[in-house]
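Asker: mmCIF, C-alpha atoms and all ligand atoms, saved as work_16.cif, coming up:
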```cif
data_start
#
loop_
_atom_site.label_atom_id
_atom_site.label_comp_id
_atom_site.auth_asym_id
_atom_site.auth_seq_id
_atom_site.Cartn_x
_atom_site.Cartn_y
_atom_site.Cartn_z
CA MET A 1 -140.12 78.64 -10.13
CA LEU A 2 -139.66 77.73 -6.51
CA ARG A 3 -142.29 78.92 -4.07
CA GLY A 4 -141.80 81.38 -1.18
CA GLY A 5 -140.05 84.74 -0.90
CA GLY A 6 -140.75 86.02 -4.44
CA VAL A 7 -138.24 85.95 -7.26
CA ALA A 8 -135.26 87.12 -5.14
CA GLY A 9 -136.12 84.62 -2.41
CA ALA A 10 -136.42 81.82 -4.92
CA GLU A 11 -133.06 82.74 -6.42
CA ARG A 12 -131.43 82.71 -2.98
CA THR A 13 -132.94 79.27 -2.31
CA GLN A 14 -131.66 78.04 -5.66
CA ASP A 15 -128.18 79.43 -4.95
CA ARG A 16 -128.08 77.69 -1.59
CA MET A 17 -129.27 74.41 -3.08
CA LEU A 18 -126.80 74.64 -5.93
CA LYS A 19 -123.98 74.99 -3.43
CA GLU A 20 -125.11 71.72 -1.89
CA LEU A 21 -125.33 69.94 -5.21
CA PHE A 22 -123.09 67.13 -6.23
CA ARG A 23 -120.14 68.72 -7.90
CA ASN A 24 -117.83 66.01 -9.13
CA GLY A 25 -118.71 63.75 -6.28
CA SER A 26 -118.72 66.13 -3.31
CA SER A 27 -122.11 66.66 -1.76
CA ARG A 28 -123.79 66.84 1.59
CA GLU A 29 -126.70 64.57 0.76
CA VAL A 30 -128.53 65.85 3.83
CA ASP A 31 -129.34 69.20 2.23
CA ALA A 32 -129.46 68.03 -1.38
CA PRO A 33 -132.46 69.40 -3.28
CA SER A 34 -135.37 67.08 -3.94
CA GLU A 35 -136.29 65.74 -7.36
CA ALA A 36 -139.15 68.25 -7.64
CA GLN A 37 -136.87 71.15 -6.68
CA LEU A 38 -134.29 70.05 -9.22
CA ALA A 39 -136.95 69.67 -11.91
CA ALA A 40 -138.08 73.23 -11.21
CA MET A 41 -134.51 74.48 -11.70
CA ILE A 42 -134.16 73.00 -15.18
CA GLU A 43 -134.14 75.56 -17.98
CA PRO A 44 -135.48 73.72 -21.04
CA ALA A 45 -133.61 75.99 -23.46
CA LYS A 46 -130.28 75.09 -21.84
CA LEU A 47 -130.65 71.32 -21.84
CA PRO A 48 -127.95 69.26 -23.56
CA LYS A 49 -128.93 67.76 -26.90
CA HIS A 50 -126.82 64.68 -26.41
CA ILE A 51 -126.00 62.92 -23.13
CA ALA A 52 -123.45 60.10 -22.93
CA VAL A 53 -123.30 57.76 -19.94
CA ILE A 54 -120.64 55.37 -18.65
CA MET A 55 -122.80 53.03 -16.59
CA ASP A 56 -120.23 51.89 -14.02
CA GLY A 57 -120.46 50.22 -10.63
CA ASN A 58 -122.78 47.30 -11.37
CA GLY A 59 -120.35 44.71 -10.01
CA ARG A 60 -119.62 46.64 -6.82
CA TRP A 61 -123.32 47.32 -6.25
CA ALA A 62 -123.97 43.58 -6.37
CA GLN A 63 -120.95 42.57 -4.30
CA ARG A 64 -121.93 45.03 -1.55
CA ARG A 65 -125.15 43.08 -1.28
CA GLY A 66 -123.47 39.69 -1.33
CA LEU A 67 -124.88 39.06 -4.81
CA PRO A 68 -123.06 37.82 -7.92
CA ARG A 69 -121.86 40.56 -10.27
CA PHE A 70 -124.42 39.72 -12.92
CA ALA A 71 -127.19 40.75 -10.49
CA GLY A 72 -125.78 44.27 -10.77
CA HIS A 73 -125.95 44.19 -14.56
CA ARG A 74 -129.55 42.99 -14.40
CA GLN A 75 -130.47 45.73 -11.93
CA GLY A 76 -128.70 48.19 -14.25
CA ILE A 77 -131.45 47.61 -16.79
CA GLU A 78 -133.92 49.27 -14.40
CA SER A 79 -131.72 52.37 -14.31
CA LEU A 80 -131.35 52.37 -18.08
CA ARG A 81 -135.12 52.17 -18.50
CA GLU A 82 -135.72 55.03 -16.07
CA ILE A 83 -133.04 57.27 -17.57
CA THR A 84 -134.21 56.59 -21.13
CA ARG A 85 -137.77 57.52 -20.12
CA ALA A 86 -136.57 60.63 -18.32
CA CYS A 87 -134.50 61.75 -21.32
CA GLY A 88 -137.55 61.30 -23.56
CA GLU A 89 -139.72 63.32 -21.17
CA LEU A 90 -137.15 66.11 -20.90
CA GLY A 91 -136.77 66.36 -24.66
CA ILE A 92 -133.14 65.21 -24.82
CA GLU A 93 -132.44 64.26 -28.44
CA ILE A 94 -129.71 61.65 -28.05
CA LEU A 95 -128.68 59.29 -25.23
CA THR A 96 -125.55 57.18 -25.74
CA VAL A 97 -124.71 54.52 -23.14
CA TYR A 98 -121.70 52.23 -22.74
CA ALA A 99 -122.86 48.66 -22.12
CA PHE A 100 -119.94 46.51 -23.28
CA SER A 101 -116.47 47.66 -24.24
CA THR A 102 -113.93 46.06 -26.57
CA GLU A 103 -111.93 45.39 -23.37
CA ASN A 104 -114.81 43.63 -21.59
CA TRP A 105 -114.04 40.36 -23.45
CA GLU A 106 -111.25 39.96 -20.85
CA ARG A 107 -113.84 39.41 -18.11
CA PRO A 108 -114.72 35.86 -16.98
CA LYS A 109 -116.48 33.92 -19.75
CA GLU A 110 -119.69 33.61 -17.69
CA GLU A 111 -119.93 37.37 -17.26
CA VAL A 112 -119.25 38.00 -20.96
CA ASN A 113 -121.96 35.47 -21.90
CA PHE A 114 -124.32 37.05 -19.40
CA LEU A 115 -123.86 40.48 -20.98
CA LEU A 116 -124.33 39.11 -24.51
CA ASN A 117 -127.53 37.35 -23.41
CA LEU A 118 -128.68 40.45 -21.58
CA LEU A 119 -128.56 42.56 -24.73
CA ASP A 120 -130.48 39.83 -26.55
CA GLU A 121 -133.08 39.76 -23.78
CA VAL A 122 -133.34 43.54 -23.54
CA LEU A 123 -133.91 43.83 -27.28
CA ASP A 124 -136.77 41.30 -27.02
CA ARG A 125 -138.36 42.73 -23.90
CA GLU A 126 -137.88 46.49 -24.15
CA LEU A 127 -138.21 47.06 -27.87
CA PRO A 128 -142.03 47.31 -28.01
CA GLU A 129 -142.08 50.10 -25.39
CA LEU A 130 -139.12 51.89 -26.95
CA HIS A 131 -140.72 51.74 -30.39
CA ALA A 132 -144.13 52.84 -29.08
CA ASN A 133 -142.43 55.86 -27.51
CA GLY A 134 -140.67 56.93 -30.67
CA VAL A 135 -137.18 55.85 -29.62
CA ARG A 136 -134.74 55.05 -32.39
CA VAL A 137 -132.43 52.29 -31.16
CA ARG A 138 -128.89 51.93 -32.46
CA ILE A 139 -126.21 49.54 -31.29
CA ILE A 140 -122.76 51.02 -31.86
CA GLY A 141 -119.53 49.02 -31.89
CA ARG A 142 -117.85 46.23 -33.81
CA ARG A 143 -120.37 43.62 -34.81
CA SER A 144 -117.98 41.10 -36.36
CA SER A 145 -117.23 39.34 -33.05
CA LEU A 146 -120.85 39.18 -31.85
CA PRO A 147 -122.94 36.00 -32.23
CA PRO A 148 -124.75 36.02 -35.63
CA SER A 149 -128.15 35.56 -33.96
CA LEU A 150 -127.53 38.69 -31.86
CA VAL A 151 -126.40 40.65 -34.91
CA LYS A 152 -129.67 39.70 -36.63
CA LYS A 153 -131.66 40.91 -33.65
CA ILE A 154 -129.70 44.18 -33.57
CA GLU A 155 -130.35 44.76 -37.26
CA ALA A 156 -134.06 44.02 -36.85
CA ALA A 157 -134.33 46.45 -33.91
CA GLU A 158 -132.52 49.18 -35.82
CA GLN A 159 -134.70 48.64 -38.87
CA LEU A 160 -137.94 48.64 -36.89
CA THR A 161 -137.11 51.90 -35.11
CA ALA A 162 -135.21 53.64 -37.93
CA ALA A 163 -137.88 56.27 -38.59
CA ASN A 164 -138.50 57.14 -34.91
CA ASN A 165 -137.52 60.66 -33.95
CA LYS A 166 -138.39 61.31 -30.31
CA LEU A 167 -135.06 60.13 -28.91
CA ILE A 168 -132.04 58.32 -30.33
CA LEU A 169 -130.71 55.65 -27.96
CA ASN A 170 -127.21 54.53 -28.93
CA VAL A 171 -126.02 51.49 -27.00
CA GLY A 172 -122.25 50.98 -27.12
CA PHE A 173 -121.73 47.24 -27.38
CA ASN A 174 -118.34 45.80 -28.23
CA TYR A 175 -117.57 49.49 -28.48
CA GLY A 176 -114.09 51.03 -28.22
CA GLY A 177 -113.24 54.63 -29.03
CA ARG A 178 -109.85 53.72 -30.48
CA ALA A 179 -111.33 50.82 -32.47
CA GLU A 180 -113.91 53.22 -33.90
CA ILE A 181 -111.16 55.58 -35.11
CA VAL A 182 -109.08 52.68 -36.48
CA ASP A 183 -112.13 51.42 -38.42
CA ALA A 184 -112.73 54.89 -39.87
CA VAL A 185 -109.09 55.14 -40.99
CA LYS A 186 -109.26 51.68 -42.60
CA ARG A 187 -112.40 52.64 -44.51
CA ALA A 188 -110.69 55.83 -45.63
CA VAL A 189 -107.70 53.90 -46.99
CA SER A 190 -110.02 51.51 -48.90
CA LYS A 191 -111.97 54.43 -50.36
CA ALA A 192 -108.74 56.19 -51.36
CA ARG A 193 -107.48 53.01 -53.05
CA ARG A 194 -110.70 52.83 -55.06
CA GLY A 195 -110.23 56.47 -55.99
CA ASP A 196 -113.33 57.55 -53.99
CA LEU A 197 -111.41 59.76 -51.55
CA VAL A 198 -108.63 62.32 -51.85
CA GLU A 199 -106.60 63.96 -49.09
CA ASP A 200 -108.48 67.25 -49.36
CA ASP A 201 -111.80 65.51 -48.61
CA ILE A 202 -110.53 64.73 -45.12
CA ASP A 203 -111.33 67.26 -42.43
CA GLU A 204 -112.96 67.17 -38.98
CA GLU A 205 -116.50 67.15 -40.38
CA TRP A 206 -115.63 64.26 -42.65
CA LEU A 207 -114.12 62.21 -39.82
CA SER A 208 -117.13 62.98 -37.58
CA ARG A 209 -119.41 61.58 -40.24
CA GLU A 210 -117.31 58.41 -40.37
CA MET A 211 -117.88 57.70 -36.66
CA TYR A 212 -120.69 55.37 -35.51
CA THR A 213 -122.51 58.52 -34.43
CA GLY A 214 -122.05 60.11 -37.88
CA GLY A 215 -124.55 62.89 -38.51
CA MET A 216 -125.40 63.33 -34.82
CA ALA A 217 -124.42 66.22 -32.55
CA ASP A 218 -121.51 65.36 -30.25
CA PRO A 219 -122.34 64.72 -26.58
CA ASP A 220 -122.68 67.92 -24.57
CA LEU A 221 -122.57 66.08 -21.27
CA LEU A 222 -120.83 62.88 -20.16
CA ILE A 223 -122.02 61.25 -16.95
CA ARG A 224 -119.94 58.54 -15.32
CA THR A 225 -121.35 56.65 -12.36
CA GLY A 226 -119.48 54.41 -9.91
CA GLY A 227 -116.88 56.85 -8.58
CA GLU A 228 -114.09 56.54 -11.16
CA SER A 229 -112.94 59.68 -12.98
CA ARG A 230 -111.85 58.50 -16.41
CA ILE A 231 -113.20 58.14 -19.94
CA SER A 232 -112.27 54.45 -20.46
CA ASN A 233 -112.06 54.53 -24.27
CA PHE A 234 -115.62 55.85 -24.67
CA LEU A 235 -116.45 58.19 -27.58
CA LEU A 236 -112.88 59.51 -27.73
CA TRP A 237 -113.50 61.61 -30.82
CA GLN A 238 -116.99 62.81 -29.92
CA LEU A 239 -116.27 63.88 -26.32
CA ALA A 240 -113.78 66.61 -27.30
CA TYR A 241 -115.86 69.44 -25.78
CA ALA A 242 -118.23 67.55 -23.51
CA GLU A 243 -118.82 68.66 -19.94
CA ILE A 244 -118.06 65.76 -17.61
CA TRP A 245 -120.01 64.90 -14.47
CA PHE A 246 -118.77 62.13 -12.20
CA THR A 247 -120.82 60.66 -9.38
CA PRO A 248 -120.02 58.00 -6.79
CA VAL A 249 -123.54 56.56 -7.21
CA TYR A 250 -123.42 53.01 -8.60
CA TRP A 251 -125.28 52.62 -11.88
CA PRO A 252 -127.98 50.26 -10.49
CA GLU A 253 -128.92 53.04 -8.04
CA PHE A 254 -128.79 55.87 -10.56
CA ARG A 255 -132.24 57.42 -10.84
CA ARG A 256 -134.00 60.38 -12.42
CA VAL A 257 -133.02 62.55 -9.44
CA HIS A 258 -129.33 61.96 -10.19
CA LEU A 259 -129.86 62.80 -13.86
CA LEU A 260 -131.50 66.05 -12.77
CA GLN A 261 -128.53 66.80 -10.48
CA ALA A 262 -126.21 66.36 -13.45
CA LEU A 263 -128.39 68.58 -15.64
CA VAL A 264 -128.67 71.39 -13.10
CA ASP A 265 -124.91 71.28 -12.61
CA TYR A 266 -124.38 71.29 -16.40
CA GLN A 267 -126.60 74.33 -16.78
CA GLN A 268 -124.41 76.31 -14.38
CA ARG A 269 -121.33 75.79 -16.51
CA GLU A 270 -120.02 78.19 -19.10
CA ARG A 271 -119.07 76.30 -22.26
CA ARG A 272 -116.33 78.12 -24.14
CA PHE A 273 -115.24 75.58 -26.79
CA GLY A 274 -111.67 76.85 -26.61
CA ARG A 275 -112.73 80.49 -26.90
CA VAL A 276 -112.39 83.11 -24.13
C1 LIG B 301 -119.80 48.39 -15.69
O1 LIG B 301 -119.93 47.98 -14.37
C2 LIG B 301 -120.94 47.92 -16.43
C3 LIG B 301 -120.90 47.04 -17.47
C4 LIG B 301 -119.66 46.48 -17.99
C5 LIG B 301 -122.12 46.58 -18.10
C6 LIG B 301 -123.17 47.64 -18.24
C7 LIG B 301 -124.45 47.01 -18.51
C8 LIG B 301 -125.64 47.47 -18.05
C9 LIG B 301 -125.82 48.65 -17.24
C10 LIG B 301 -126.86 46.78 -18.37
C11 LIG B 301 -127.38 47.26 -19.69
C12 LIG B 301 -126.94 46.25 -20.62
C13 LIG B 301 -127.37 46.12 -21.86
C14 LIG B 301 -126.96 44.91 -22.55
C15 LIG B 301 -128.22 47.10 -22.58
P1 LIG B 301 -118.83 47.03 -13.76
O2 LIG B 301 -119.27 45.64 -13.97
O3 LIG B 301 -117.49 47.36 -14.35
O4 LIG B 301 -118.91 47.42 -12.27
P2 LIG B 301 -117.69 47.48 -11.24
O5 LIG B 301 -116.82 48.62 -11.68
O6 LIG B 301 -118.37 47.77 -9.96
O7 LIG B 301 -117.02 46.16 -11.27
#
```
Starting from the file, lay out its structure as structure tokens.
Answerer:
Amino acid sequence: MLRGGGVAGAERTQDRMLKELFRNGSSREVDAPSEAQLAAMIEPAKLPKHIAVIMDGNGRWAQRRGLPRFAGHRQGIESLREITRACGELGIEILTVYAFSTENWERPKEEVNFLLNLLDEVLDRELPELHANGVRVRIIGRRSSLPPSLVKKIEAAEQLTAANNKLILNVGFNYGGRAEIVDAVKRAVSKARRGDLVEDDIDEEWLSREMYTGGMADPDLLIRTGGESRISNFLLWQLAYAEIWFTPVYWPEFRRVHLLQALVDYQQRERRFGRV
């Protein structure tokens, strides 16, 4: 609870602060609530189970500073570390982030190589802390076009952390929402040919299980940083009923306070899932 003015006073303060909150990018930063005030507004019972994040704006963050784009990707690791820690502390069950899309191969070769090496490096450097903190790491996306040494490292990381249950961290890498659906359909056709699948087996639950996130709750909240307001082929199936929160903040600058802003905003929304 916020201090001062009793319960009614605290509620008025909260109302005022909520009006100042980022709502799809519009905020008067000057009166924005502090991290501690936001933390006090969080209702643990109303937290999302699964948060998805499109980590955008790395290149622009770097270019604004006269740095090469890859400096933004490297700085983005700091944000990912902080947000993963914060999700663990808040008791979020699943965090799914978009690190490399099936379309990102079109970027300059040096940038593509940088991102491939960055995942390799992150798996080496961050895995001990992630494992020690009970984080189950999964890399979701098509593996066939990744370097075999990276695939081995991915498999080792997934195996090492498979039994962890504090937080699931899904990293989308060579991930595409349409590719994921295409792959599921192809597997279905193969199964049907072998006689292991009939038309009546196929329903929404079945298809959900066939996704890379099979068996997990769908994201309740999608956060996109960097000022764009689109989904960019991320979790197309799973985001059907997600609340979406866009912020102009570039990913390398995204901190716990911004996550709390998104969560407080999310908690004000009424989720109807198509009902009235
Ligand atoms: C989008 O920003 C970001 C990416 C394509 C890469 C995201 C990678 C990280 C945040 C680092 C974490 C990486 C791993 C491997 C775990 P952009 O480059 O499109 O930025 P722009 O829109 O400003 O150009």
Asker: Which residues are near ligand LIG 301 (chain B) in this structure, taking near to mean any atom at most 10 Å from a ligand atom and counting only C-alpha atoms and all ligand atoms? Format them as JSON, numbers by chain.
Answerer: {"A": [53, 54, 55, 56, 57, 58, 59, 60, 61, 62, 63, 64, 69, 70, 71, 72, 73, 74, 75, 76, 77, 78, 79, 80, 81, 97, 98, 99, 100, 101, 103, 104, 105, 107, 111, 112, 114, 115, 116, 117, 118, 119, 120, 121, 122, 123, 126, 139, 170, 171, 172, 173, 225, 226, 227, 228, 250, 251, 252]}
Asker: Using all atoms of range 57-67 of chain A listed in the file and a margin of 5 Å per side, can you give the axis-aligned box centre and edge lengths in Å to one decimal, as AutoDock Vina command-line options?
Answerer:
```
--center_x -122.4 --center_y 44.6 --center_z -6.3 --size_x 15.5 --size_y 21.2 --size_z 20.1
```
Asker: Residues of range 154-182 of chain A that have any atom at most 12 Å from an atom of range 197-211 of chain A: could you tabulate them with the shortest-distance atom pair and the distance in Å to one decimal, using all atoms listed in the file, ordered by chain and increasing number, as a tab-separated table?
Answerer:
```
residue	atom	partner	partner_atom	distance
A:Tyr175	CA	A:Met211	CA	11.6
A:Gly176	CA	A:Met211	CA	11.4
A:Gly177	CA	A:Met211	CA	9.4
A:Arg178	CA	A:Met211	CA	10.9
A:Ala179	CA	A:Met211	CA	10.4
A:Glu180	CA	A:Met211	CA	6.6
A:Ile181	CA	A:Met211	CA	7.2
A:Val182	CA	A:Met211	CA	10.1
```
Asker: Between A:Leu263, A:Ala132, A:Ile140, A:Ala188, single out the one closest to Leu235 in chain A, counting all atoms listed in the file.
Answerer: A:Ile140
Asker: Using only C-alpha atoms, which protein or nucleic acid residues come within 10 Å of Ala39 in chain A? Drop anything in the same chain fewer than 6 positions from it, and give the result as a ChimeraX atom specification.
Answerer: /A:1,33,90,256-257,260-261,263-264
Asker: Counting all atoms listed in the file, which of A:Lys153, A:Arg142, A:His258, A:Lys191 gets nearest to Ile223 in chain A?
Answerer: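 Of A:Lys153, A:Arg142, A:His258, A:Lys191, the one nearest Ile223 in chain A, counting all atoms listed in the file, is A:His258.
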Asker: Could you state the separation of CA of Trp237 in chain A and CA of Pro48 in chain A in Å, given to one decimal place?
Answerer: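 So the answer is 17.9 Å.
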Asker: For a quick check of understanding, using only C-alpha atoms, which of A:Gly141, A:Pro248, A:Pro147, A:Pro219 has the smallest distance to Thr102 in chain A?
Answerer: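 Answer, going by the shortest atom-to-atom distance: A:Gly141.
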Asker: Could you tell me which of A:Asn133, A:Tyr266, A:Lys166, A:Arg224 comes closest to Glu43 in chain A if we count all atoms listed in the file?
Answerer: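 When distances to Glu43 in chain A are compared using all atoms listed in the file, the smallest one comes from A:Tyr266.
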Asker: Fewer than 5 positions away in the same chain doesn't count, so skip those; otherwise give me all residues within 8 Å of Asn165 in chain A, counting all atoms listed in the file, as an mmCIF file with C-alpha atoms, keeping the file's coordinate frame.
Answerer:
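Output below, filename selection_31.cif:
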```cif
data_model
loop_
_atom_site.group_PDB
_atom_site.id
_atom_site.type_symbol
_atom_site.label_atom_id
_atom_site.label_comp_id
_atom_site.auth_asym_id
_atom_site.auth_seq_id
_atom_site.Cartn_x
_atom_site.Cartn_y
_atom_site.Cartn_z
ATOM 1 C CA GLY A 134 -140.670 56.930 -30.670
ATOM 2 C CA VAL A 135 -137.180 55.850 -29.620
ATOM 3 C CA ARG A 136 -134.740 55.050 -32.390
#
```
Asker: (-113.5, 77.0, -25.9) in this file's frame - what residues fall within 12 Å of it? Use all atoms listed in the file and give the answer as a PyMOL selection string.
Answerer: chain A and resi 240-243+270-276
Asker: Missing atoms in range 238-251 of chain A: fill them in up to N, CA and C atoms and send the result as a PDB file, in the frame of the given file.
Answerer:
```pdb
ATOM      1  N   GLN A 238    -115.769  62.007 -30.100  1.00  0.00           N
ATOM      2  CA  GLN A 238    -116.990  62.810 -29.920  1.00  0.00           C
ATOM      3  C   GLN A 238    -116.994  63.618 -28.621  1.00  0.00           C
ATOM      4  N   LEU A 239    -116.194  63.211 -27.629  1.00  0.00           N
ATOM      5  CA  LEU A 239    -116.270  63.880 -26.320  1.00  0.00           C
ATOM      6  C   LEU A 239    -115.367  65.116 -26.204  1.00  0.00           C
ATOM      7  N   ALA A 240    -114.791  65.537 -27.336  1.00  0.00           N
ATOM      8  CA  ALA A 240    -113.780  66.610 -27.300  1.00  0.00           C
ATOM      9  C   ALA A 240    -114.181  67.803 -26.428  1.00  0.00           C
ATOM     10  N   TYR A 241    -115.435  68.234 -26.529  1.00  0.00           N
ATOM     11  CA  TYR A 241    -115.860  69.440 -25.780  1.00  0.00           C
ATOM     12  C   TYR A 241    -116.979  69.157 -24.773  1.00  0.00           C
ATOM     13  N   ALA A 242    -117.148  67.891 -24.438  1.00  0.00           N
ATOM     14  CA  ALA A 242    -118.230  67.550 -23.510  1.00  0.00           C
ATOM     15  C   ALA A 242    -117.916  68.024 -22.092  1.00  0.00           C
ATOM     16  N   GLU A 243    -118.947  68.425 -21.380  1.00  0.00           N
ATOM     17  CA  GLU A 243    -118.820  68.660 -19.940  1.00  0.00           C
ATOM     18  C   GLU A 243    -118.898  67.290 -19.277  1.00  0.00           C
ATOM     19  N   ILE A 244    -118.112  67.098 -18.225  1.00  0.00           N
ATOM     20  CA  ILE A 244    -118.060  65.760 -17.610  1.00  0.00           C
ATOM     21  C   ILE A 244    -118.575  65.847 -16.168  1.00  0.00           C
ATOM     22  N   TRP A 245    -119.427  64.921 -15.820  1.00  0.00           N
ATOM     23  CA  TRP A 245    -120.010  64.900 -14.470  1.00  0.00           C
ATOM     24  C   TRP A 245    -119.824  63.496 -13.890  1.00  0.00           C
ATOM     25  N   PHE A 246    -119.024  63.417 -12.843  1.00  0.00           N
ATOM     26  CA  PHE A 246    -118.770  62.130 -12.200  1.00  0.00           C
ATOM     27  C   PHE A 246    -119.605  62.040 -10.927  1.00  0.00           C
ATOM     28  N   THR A 247    -120.094  60.852 -10.648  1.00  0.00           N
ATOM     29  CA  THR A 247    -120.820  60.660  -9.380  1.00  0.00           C
ATOM     30  C   THR A 247    -120.403  59.323  -8.771  1.00  0.00           C
ATOM     31  N   PRO A 248    -120.336  59.277  -7.438  1.00  0.00           N
ATOM     32  CA  PRO A 248    -120.020  58.000  -6.790  1.00  0.00           C
ATOM     33  C   PRO A 248    -121.178  56.999  -6.831  1.00  0.00           C
ATOM     34  N   VAL A 249    -122.362  57.449  -7.198  1.00  0.00           N
ATOM     35  CA  VAL A 249    -123.540  56.560  -7.210  1.00  0.00           C
ATOM     36  C   VAL A 249    -123.306  55.394  -8.178  1.00  0.00           C
ATOM     37  N   TYR A 250    -123.553  54.175  -7.711  1.00  0.00           N
ATOM     38  CA  TYR A 250    -123.420  53.010  -8.600  1.00  0.00           C
ATOM     39  C   TYR A 250    -124.567  53.025  -9.612  1.00  0.00           C
ATOM     40  N   TRP A 251    -124.271  52.554 -10.832  1.00  0.00           N
ATOM     41  CA  TRP A 251    -125.280  52.620 -11.880  1.00  0.00           C
ATOM     42  C   TRP A 251    -126.634  51.992 -11.475  1.00  0.00           C
TER      43      TRP A 251
END
```
